[in-house]
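Everything below belongs to query-v2.cif, which stores mmCIF, C-alpha atoms and all ligand atoms.
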data_data
loop_
_atom_site.label_atom_id
_atom_site.label_comp_id
_atom_site.auth_asym_id
_atom_site.auth_seq_id
_atom_site.Cartn_x
_atom_site.Cartn_y
_atom_site.Cartn_z
CA MET N 27 11.80 -5.05 17.28
CA ARG N 28 9.03 -2.81 15.93
CA VAL N 29 8.17 -3.86 12.36
CA VAL N 30 5.86 -2.26 9.81
CA VAL N 31 4.79 -4.76 7.17
CA ALA N 32 3.06 -3.42 4.04
CA LEU N 33 1.06 -6.04 2.14
CA GLY N 34 0.79 -5.53 -1.62
CA GLY N 35 -2.63 -5.50 -3.22
CA ASN N 36 -1.71 -8.83 -4.80
CA ALA N 37 -1.08 -10.38 -1.40
CA LEU N 38 -4.83 -9.93 -0.91
CA LEU N 39 -6.00 -10.71 -4.43
CA GLN N 40 -3.64 -12.46 -6.83
CA ARG N 41 -3.40 -11.12 -10.35
CA GLY N 42 -6.10 -12.60 -12.57
CA GLN N 43 -8.12 -14.03 -9.67
CA ASP N 44 -11.74 -13.04 -9.59
CA LEU N 45 -12.59 -10.47 -6.97
CA SER N 46 -14.78 -12.65 -4.76
CA ALA N 47 -15.00 -12.26 -1.01
CA GLU N 48 -13.96 -15.90 -0.70
CA ASN N 49 -10.75 -15.37 -2.69
CA GLN N 50 -9.84 -12.37 -0.57
CA ARG N 51 -10.38 -14.32 2.60
CA ASP N 52 -8.33 -17.29 1.33
CA ASN N 53 -5.38 -15.04 0.47
CA ILE N 54 -5.61 -13.13 3.72
CA ARG N 55 -5.63 -16.43 5.62
CA VAL N 56 -2.30 -17.32 3.99
CA ALA N 57 -0.88 -13.87 4.80
CA ALA N 58 -2.11 -14.18 8.39
CA GLN N 59 0.02 -17.31 8.91
CA GLN N 60 3.14 -15.34 8.00
CA LEU N 61 2.13 -12.32 10.05
CA ALA N 62 1.36 -14.44 13.12
CA GLU N 63 4.97 -15.68 13.19
CA ILE N 64 6.28 -12.11 13.16
CA HIS N 65 3.79 -11.11 15.84
CA ALA N 66 5.11 -13.91 18.06
CA HIS N 67 8.54 -12.24 18.21
CA HIS N 68 8.04 -8.57 17.31
CA GLU N 69 5.76 -5.54 17.59
CA LEU N 70 3.75 -5.81 14.40
CA VAL N 71 2.03 -3.02 12.47
CA ILE N 72 0.24 -3.94 9.24
CA ALA N 73 -0.36 -1.64 6.26
CA HIS N 74 -1.84 -2.79 2.96
CA GLY N 75 -2.82 -1.81 -0.56
CA ASN N 76 -6.37 -1.67 -1.94
CA GLY N 77 -5.94 -1.25 -5.70
CA PRO N 78 -8.07 -4.21 -6.84
CA GLN N 79 -10.63 -3.65 -4.08
CA VAL N 80 -11.20 0.04 -4.73
CA GLY N 81 -11.53 -0.79 -8.43
CA LEU N 82 -14.22 -3.32 -7.56
CA ALA N 83 -15.99 -0.83 -5.28
CA ALA N 84 -16.01 1.68 -8.14
CA LEU N 85 -17.50 -0.91 -10.50
CA MET N 86 -20.24 -1.82 -8.02
CA ASP N 87 -20.88 1.85 -7.46
CA ALA N 88 -21.15 2.54 -11.19
CA ALA N 89 -23.70 -0.29 -11.61
CA TYR N 90 -26.29 1.45 -9.42
CA THR N 91 -27.32 4.60 -11.24
CA GLU N 92 -30.06 5.86 -8.90
CA VAL N 93 -27.51 7.90 -6.98
CA GLU N 94 -24.45 9.87 -8.01
CA PRO N 95 -21.22 7.84 -7.71
CA TYR N 96 -19.58 8.00 -4.30
CA PRO N 97 -16.36 10.00 -4.05
CA LEU N 98 -13.06 8.12 -4.04
CA ASP N 99 -12.16 8.93 -0.43
CA VAL N 100 -15.43 7.31 0.72
CA LEU N 101 -14.87 4.25 -1.48
CA GLY N 102 -11.33 4.04 -0.09
CA ALA N 103 -12.67 4.07 3.48
CA LYS N 104 -15.11 1.32 2.58
CA THR N 105 -12.39 -1.01 1.23
CA ILE N 106 -10.09 -0.32 4.19
CA GLY N 107 -12.88 -1.34 6.54
CA MET N 108 -13.50 -4.51 4.56
CA ILE N 109 -9.85 -5.56 4.32
CA GLY N 110 -9.12 -4.60 7.93
CA TYR N 111 -12.07 -6.66 9.11
CA ILE N 112 -10.91 -9.80 7.28
CA ILE N 113 -7.29 -9.42 8.45
CA GLU N 114 -8.44 -8.80 12.03
CA GLN N 115 -10.54 -11.93 11.98
CA GLU N 116 -8.10 -14.27 10.20
CA LEU N 117 -5.07 -13.12 12.21
CA GLY N 118 -7.13 -12.88 15.40
CA ASN N 119 -8.20 -16.50 14.93
CA ILE N 120 -4.62 -17.79 15.08
CA ILE N 121 -2.77 -15.53 17.52
CA PRO N 122 -3.17 -16.08 21.28
CA PHE N 123 -6.67 -15.33 22.55
CA GLU N 124 -5.46 -12.56 24.91
CA ASP N 125 -3.64 -10.61 22.17
CA HIS N 126 -5.27 -7.51 20.77
CA ILE N 127 -5.68 -6.52 17.15
CA VAL N 128 -7.52 -3.54 15.70
CA THR N 129 -8.00 -1.63 12.45
CA VAL N 130 -7.58 2.14 12.48
CA LEU N 131 -9.12 4.03 9.57
CA THR N 132 -6.28 6.33 8.64
CA GLN N 133 -6.59 9.79 7.11
CA ILE N 134 -3.43 11.17 5.54
CA VAL N 135 -3.00 14.84 4.77
CA VAL N 136 -1.95 15.82 1.27
CA ASP N 137 -1.00 19.27 0.00
CA PRO N 138 -3.66 20.72 -2.35
CA ALA N 139 -0.76 22.51 -4.08
CA ASP N 140 1.00 19.17 -4.78
CA PRO N 141 2.03 19.16 -8.45
CA ALA N 142 0.37 15.70 -8.74
CA PHE N 143 -3.05 17.44 -8.79
CA SER N 144 -2.36 19.03 -12.14
CA LYS N 145 -1.19 15.71 -13.61
CA PRO N 146 -3.46 12.76 -12.65
CA THR N 147 -1.63 9.48 -13.30
CA LYS N 148 -3.17 6.74 -11.17
CA PRO N 149 -5.81 4.61 -12.95
CA VAL N 150 -8.83 3.63 -10.83
CA GLY N 151 -12.09 1.81 -11.42
CA PRO N 152 -13.50 0.20 -14.57
CA VAL N 153 -12.40 0.47 -18.19
CA TYR N 154 -14.45 2.48 -20.72
CA SER N 155 -14.62 2.71 -24.50
CA LYS N 156 -13.17 5.79 -26.14
CA ALA N 157 -16.65 7.29 -26.69
CA GLU N 158 -17.73 6.66 -23.08
CA ALA N 159 -14.47 8.10 -21.82
CA ALA N 160 -15.00 11.27 -23.85
CA ARG N 161 -18.56 11.60 -22.48
CA LEU N 162 -17.44 11.13 -18.86
CA GLN N 163 -14.64 13.60 -19.32
CA LYS N 164 -17.15 16.18 -20.57
CA GLU N 165 -20.04 15.43 -18.19
CA LYS N 166 -18.17 14.78 -14.98
CA GLY N 167 -14.91 16.56 -15.57
CA TRP N 168 -12.96 13.32 -14.98
CA SER N 169 -9.45 12.91 -16.33
CA MET N 170 -9.25 9.84 -18.55
CA ALA N 171 -6.18 8.04 -19.87
CA ALA N 172 -5.61 5.15 -22.26
CA ASP N 173 -5.09 1.75 -20.64
CA GLY N 174 -4.39 -0.68 -23.47
CA GLU N 175 -7.24 -0.38 -25.97
CA TYR N 176 -9.61 1.03 -23.32
CA PHE N 177 -9.72 4.12 -21.16
CA ARG N 178 -9.82 4.53 -17.40
CA LYS N 179 -10.36 7.35 -15.01
CA VAL N 180 -7.06 8.62 -13.66
CA VAL N 181 -6.70 10.47 -10.39
CA PRO N 182 -3.83 12.41 -8.83
CA SER N 183 -1.38 10.58 -6.58
CA PRO N 184 -0.06 13.28 -4.22
CA LEU N 185 2.65 12.71 -1.61
CA PRO N 186 1.57 11.75 1.90
CA ARG N 187 2.41 14.59 4.34
CA ARG N 188 0.98 13.78 7.76
CA ILE N 189 -0.93 10.91 9.33
CA ILE N 190 -3.89 12.30 11.27
CA GLU N 191 -4.32 9.28 13.56
CA ILE N 192 -0.58 8.79 14.25
CA ASP N 193 -0.82 9.47 18.01
CA THR N 194 -3.68 6.99 18.40
CA ILE N 195 -1.77 4.38 16.40
CA LYS N 196 1.34 4.98 18.55
CA MET N 197 -0.65 4.58 21.79
CA LEU N 198 -2.00 1.26 20.57
CA VAL N 199 1.35 -0.06 19.34
CA ASP N 200 3.10 1.07 22.56
CA ASN N 201 0.56 -1.02 24.44
CA GLY N 202 1.19 -4.17 22.44
CA VAL N 203 -1.82 -3.98 20.13
CA VAL N 204 -1.36 -5.25 16.57
CA VAL N 205 -2.59 -2.34 14.45
CA ILE N 206 -3.81 -2.48 10.86
CA CYS N 207 -3.58 1.04 9.46
CA ALA N 208 -2.68 3.29 6.51
CA GLY N 209 -4.67 0.85 4.34
CA GLY N 210 -4.73 1.71 0.65
CA GLY N 211 -2.15 4.43 1.27
CA GLY N 212 -4.56 6.08 3.73
CA ILE N 213 -7.61 8.19 2.95
CA PRO N 214 -6.36 11.41 1.33
CA VAL N 215 -7.59 14.52 3.11
CA ALA N 216 -6.72 18.21 3.18
CA TYR N 217 -7.55 21.26 5.30
CA ASP N 218 -9.82 24.05 4.07
CA GLU N 219 -9.39 27.73 5.02
CA ASP N 220 -11.19 27.12 8.33
CA ARG N 221 -8.76 24.30 9.27
CA LYS N 222 -11.47 21.71 8.70
CA LEU N 223 -10.59 18.40 7.05
CA PHE N 224 -12.26 17.28 3.85
CA GLY N 225 -11.79 14.20 1.64
CA VAL N 226 -9.75 14.52 -1.53
CA GLU N 227 -10.33 12.74 -4.87
CA ALA N 228 -6.91 11.10 -5.08
CA VAL N 229 -5.00 7.90 -4.27
CA ILE N 230 -1.83 8.05 -2.16
CA ASP N 231 0.82 5.49 -3.02
CA LYS N 232 0.67 2.80 -0.33
CA ASP N 233 4.43 2.23 -0.27
CA LEU N 234 5.15 5.91 0.41
CA ALA N 235 2.33 6.10 2.97
CA SER N 236 3.48 3.01 4.87
CA GLY N 237 7.08 4.29 4.78
CA LEU N 238 5.91 7.49 6.44
CA LEU N 239 3.98 5.42 8.98
CA ALA N 240 7.08 3.31 9.73
CA ARG N 241 9.18 6.43 10.26
CA ASP N 242 6.62 8.13 12.50
CA LEU N 243 6.25 4.99 14.63
CA GLY N 244 10.01 4.68 15.06
CA ALA N 245 9.95 1.25 13.43
CA GLU N 246 13.24 -0.63 13.37
CA MET N 247 12.27 -2.34 10.15
CA PHE N 248 9.97 -1.56 7.23
CA VAL N 249 9.06 -4.51 5.00
CA MET N 250 7.11 -4.34 1.73
CA LEU N 251 5.64 -7.67 0.64
CA THR N 252 4.65 -8.35 -2.93
CA ASP N 253 4.68 -11.20 -5.48
CA VAL N 254 8.34 -11.10 -6.59
CA PRO N 255 11.29 -12.41 -4.54
CA GLY N 256 13.03 -9.04 -4.55
CA VAL N 257 14.08 -6.04 -6.60
CA PHE N 258 15.59 -7.03 -9.92
CA MET N 259 18.10 -5.27 -12.07
CA ASP N 260 17.09 -5.49 -15.79
CA TYR N 261 13.72 -6.90 -14.69
CA GLY N 262 11.86 -8.93 -17.30
CA THR N 263 14.92 -9.39 -19.52
CA PRO N 264 17.03 -12.55 -19.96
CA VAL N 265 19.84 -10.94 -17.95
CA GLN N 266 17.74 -9.96 -14.92
CA ARG N 267 19.54 -10.33 -11.57
CA VAL N 268 18.08 -10.03 -8.12
CA ILE N 269 19.51 -7.37 -5.83
CA ARG N 270 20.22 -9.00 -2.46
CA ALA N 271 21.20 -5.83 -0.66
CA ALA N 272 21.90 -2.20 -1.43
CA HIS N 273 22.83 1.15 0.02
CA PRO N 274 19.98 3.67 -0.56
CA ASP N 275 22.22 5.96 -2.65
CA ALA N 276 23.25 3.07 -4.90
CA ILE N 277 19.77 1.63 -5.52
CA GLU N 278 18.12 5.02 -5.95
CA ALA N 279 20.52 5.81 -8.78
CA LEU N 280 18.94 2.94 -10.77
CA ASP N 281 15.71 3.20 -12.77
CA PHE N 282 12.59 1.27 -11.68
CA ALA N 283 9.06 0.98 -13.08
CA ALA N 284 7.01 4.04 -12.05
CA GLY N 285 3.74 2.38 -11.03
CA SER N 286 5.13 -0.69 -9.24
CA MET N 287 8.74 -1.15 -8.09
CA GLY N 288 9.65 2.54 -8.28
CA PRO N 289 7.59 3.67 -5.26
CA LYS N 290 8.76 0.67 -3.19
CA VAL N 291 12.42 1.51 -3.73
CA LEU N 292 11.70 5.19 -3.07
CA GLY N 293 9.71 4.40 0.10
CA ALA N 294 12.50 2.11 1.34
CA CYS N 295 15.27 4.64 0.64
CA ARG N 296 13.42 7.47 2.36
CA PHE N 297 12.79 5.36 5.43
CA VAL N 298 16.42 4.21 5.64
CA ARG N 299 17.81 7.73 5.18
CA GLU N 300 15.47 9.32 7.68
CA THR N 301 15.83 6.68 10.40
CA GLY N 302 19.12 4.87 9.82
CA ASN N 303 17.11 1.62 10.10
CA MET N 304 16.60 -1.17 7.56
CA SER N 305 13.99 -1.77 4.91
CA ALA N 306 13.31 -4.85 2.79
CA ILE N 307 11.27 -5.76 -0.27
CA GLY N 308 10.30 -9.35 -1.03
CA ARG N 309 7.71 -12.05 -1.40
CA LEU N 310 4.93 -12.59 1.12
CA SER N 311 5.77 -16.29 1.52
CA ASP N 312 9.38 -15.37 2.41
CA LEU N 313 8.55 -13.01 5.29
CA LYS N 314 10.38 -15.01 7.95
CA GLU N 315 13.45 -15.41 5.77
CA ILE N 316 13.37 -11.72 4.87
CA MET N 317 13.35 -10.81 8.57
CA ALA N 318 16.36 -13.09 9.05
CA GLY N 319 18.21 -11.43 6.15
CA ARG N 320 18.13 -14.60 4.04
CA ALA N 321 15.62 -13.52 1.36
CA GLY N 322 14.32 -10.39 -0.34
CA THR N 323 16.20 -7.18 -1.08
CA LEU N 324 17.64 -5.46 1.95
CA ILE N 325 18.21 -1.70 1.86
CA SER N 326 20.49 -0.39 4.55
CA ASN N 327 23.12 2.28 5.20
CA ASP N 328 25.50 -0.52 6.21
CA ILE N 329 25.71 -1.97 2.70
CA ASP N 330 28.42 -0.82 0.35
CA GLY N 331 26.97 -0.20 -3.13
CA ILE N 332 24.88 -3.06 -4.53
CA VAL N 333 25.15 -6.78 -3.78
CA TYR N 334 23.67 -9.06 -6.44
CA GLY N 335 22.34 -12.60 -5.96
CA GLU N 336 22.83 -15.40 -8.46
P1 LIG N 401 2.01 -4.41 -5.00
O1 LIG N 401 0.55 -4.60 -4.98
O2 LIG N 401 2.71 -5.44 -4.21
O3 LIG N 401 2.45 -3.02 -4.68
P2 LIG N 401 3.02 -3.87 -7.68
O4 LIG N 401 2.46 -4.41 -8.94
O5 LIG N 401 2.83 -2.41 -7.43
O6 LIG N 401 2.43 -4.75 -6.51
O7 LIG N 401 4.59 -4.15 -7.59
C1 LIG N 401 5.13 -5.46 -7.77
C2 LIG N 401 5.44 -5.75 -9.23
O8 LIG N 401 6.49 -4.92 -9.70
C3 LIG N 401 5.94 -7.13 -9.54
O9 LIG N 401 4.89 -8.04 -9.68
C4 LIG N 401 6.74 -6.94 -10.83
O10 LIG N 401 5.99 -7.38 -11.95
C5 LIG N 401 6.92 -5.45 -10.94
N1 LIG N 401 8.30 -4.98 -11.17
C6 LIG N 401 8.61 -3.93 -11.96
N2 LIG N 401 9.92 -3.69 -11.95
C7 LIG N 401 10.49 -4.62 -11.15
C8 LIG N 401 11.85 -4.86 -10.74
N3 LIG N 401 12.87 -4.09 -11.16
N4 LIG N 401 12.06 -5.90 -9.89
C9 LIG N 401 11.04 -6.66 -9.46
N5 LIG N 401 9.75 -6.45 -9.82
C10 LIG N 401 9.45 -5.44 -10.64
MG MG N 402 2.08 -1.27 -5.87
#

Can the structure from this file be put into structure tokens for me?
Amino acid sequence: MRVVVALGGNALLQRGQDLSAENQRDNIRVAAQQLAEIHAHHELVIAHGNGPQVGLAALMDAAYTEVEPYPLDVLGAKTIGMIGYIIEQELGNIIPFEDHIVTVLTQIVVDPADPAFSKPTKPVGPVYSKAEAARLQKEKGWSMAADGEYFRKVVPSPLPRRIIEIDTIKMLVDNGVVVICAGGGGIPVAYDEDRKLFGVEAVIDKDLASGLLARDLGAEMFVMLTDVPGVFMDYGTPVQRVIRAAHPDAIEALDFAAGSMGPKVLGACRFVRETGNMSAIGRLSDLKEIMAGRAGTLISNDIDGIVYGE
């Protein structure tokens, strides 16, 4: 079976952990154990988030004031290289010596007319005081939004339209190579009037980007791994219940948190509708059980309505 596995940003850096290289490597080593088992039985494609990492890159960038800050697409590329390198090495160290694994820097086309560009929502980089935020807004034209008592830069999160490197990725996967791609939701790019690509100051949602990747690769299964055992109904309340399985129409009719579970459910439903194949959302440590249908939330056309767990 061809499987696209999307690793959440927290699979690479747990919430509250400091952003050291050592912590990232330790977490990726744990993820690699799970991924190696899937690789042993299936064609594996790995996508991943980069939220914490791109935030760190922005902080480092802001600390050196001799040059203008680097644009977000370039910082995105930098983190994707870093994460891809560590996954390649940690997974490469435990899978058979003859097996191939490679990272493909992935550019994803967005539509400059996407309504998301007129309404930036995705927070990136460090926090600023109100006064600093006002100055940056004026001097650099950044959009700033409140994040608790501080302010952060917010950027647009347009929909992913087309994966530039898709044919290359397909060639590699068809030939048995484990491919790490669409990292951080891909690097957002667009075409100018002369049909030349340029980088765009935006962040594509990694769940929507990896769903598109899974569809384009003809994956039989699309799995999103995060730090909760599945999708919950009434999440965070005393009556929360885990959803074991659902039909896309049934789960999409429910309301999920915009910045976190919402895009996962949306990405899963789109993939299932467009391909007729299955998608699942669950915890990294449960990957094997999720693949066997014994853990996580399964989204499939074969399910009638919603099936709740205990
Ligand atoms: P990732 O990096 O894996 O994409 P996110 O923070 O975007 O992580 O999404 C996972 C988080 O979504 C969980 O840690 C949980 O706190 C939150 N969440 C919000 N709503 C729900 C829900 N209905 N069911 C489960 N988790 C939810
Ligand atoms: Mg997320």

- [ ] Name the residues, by chain letter and number, that sit within 10 Å of ligand MG 402 (chain N) using all atoms listed in the file, and give them as an NGL selection string.
- [x] :N and (33-36 or 74-77 or 210 or 231-233 or 250-252 or 284-290)

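Taking all atoms listed in the file into account, ligand LIG 401 (chain N) lies nearest to N:Phe258 out of the set N:Phe297, N:Tyr217, N:Phe177, N:Phe258.
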
Centre, x/y/z edge lengths, axis-aligned box for segment 275-285 of chain N with 6 Å per side, as JSON:
{"center_x": 13.5, "center_y": 3.5, "center_z": -7.9, "size_x": 31.5, "size_y": 17.0, "size_z": 22.4}

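Nearest-residue note for ligand LIG 401 (chain N): choosing from N:Val181, N:Val153, N:Val203, N:Ala73, the minimum distance belongs to N:Ala73, counting only C-alpha atoms and all ligand atoms.
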
Task: Residue neighbourhood segment 136-149 of chain N, 10 Å, all atoms listed in the file, exclusion window fewer than 2 positions, as an NGL selection string - done: :N and (77 or 81 or 133-134 or 151-153 or 168-173 or 177-189 or 213-218 or 225-231 or 285)
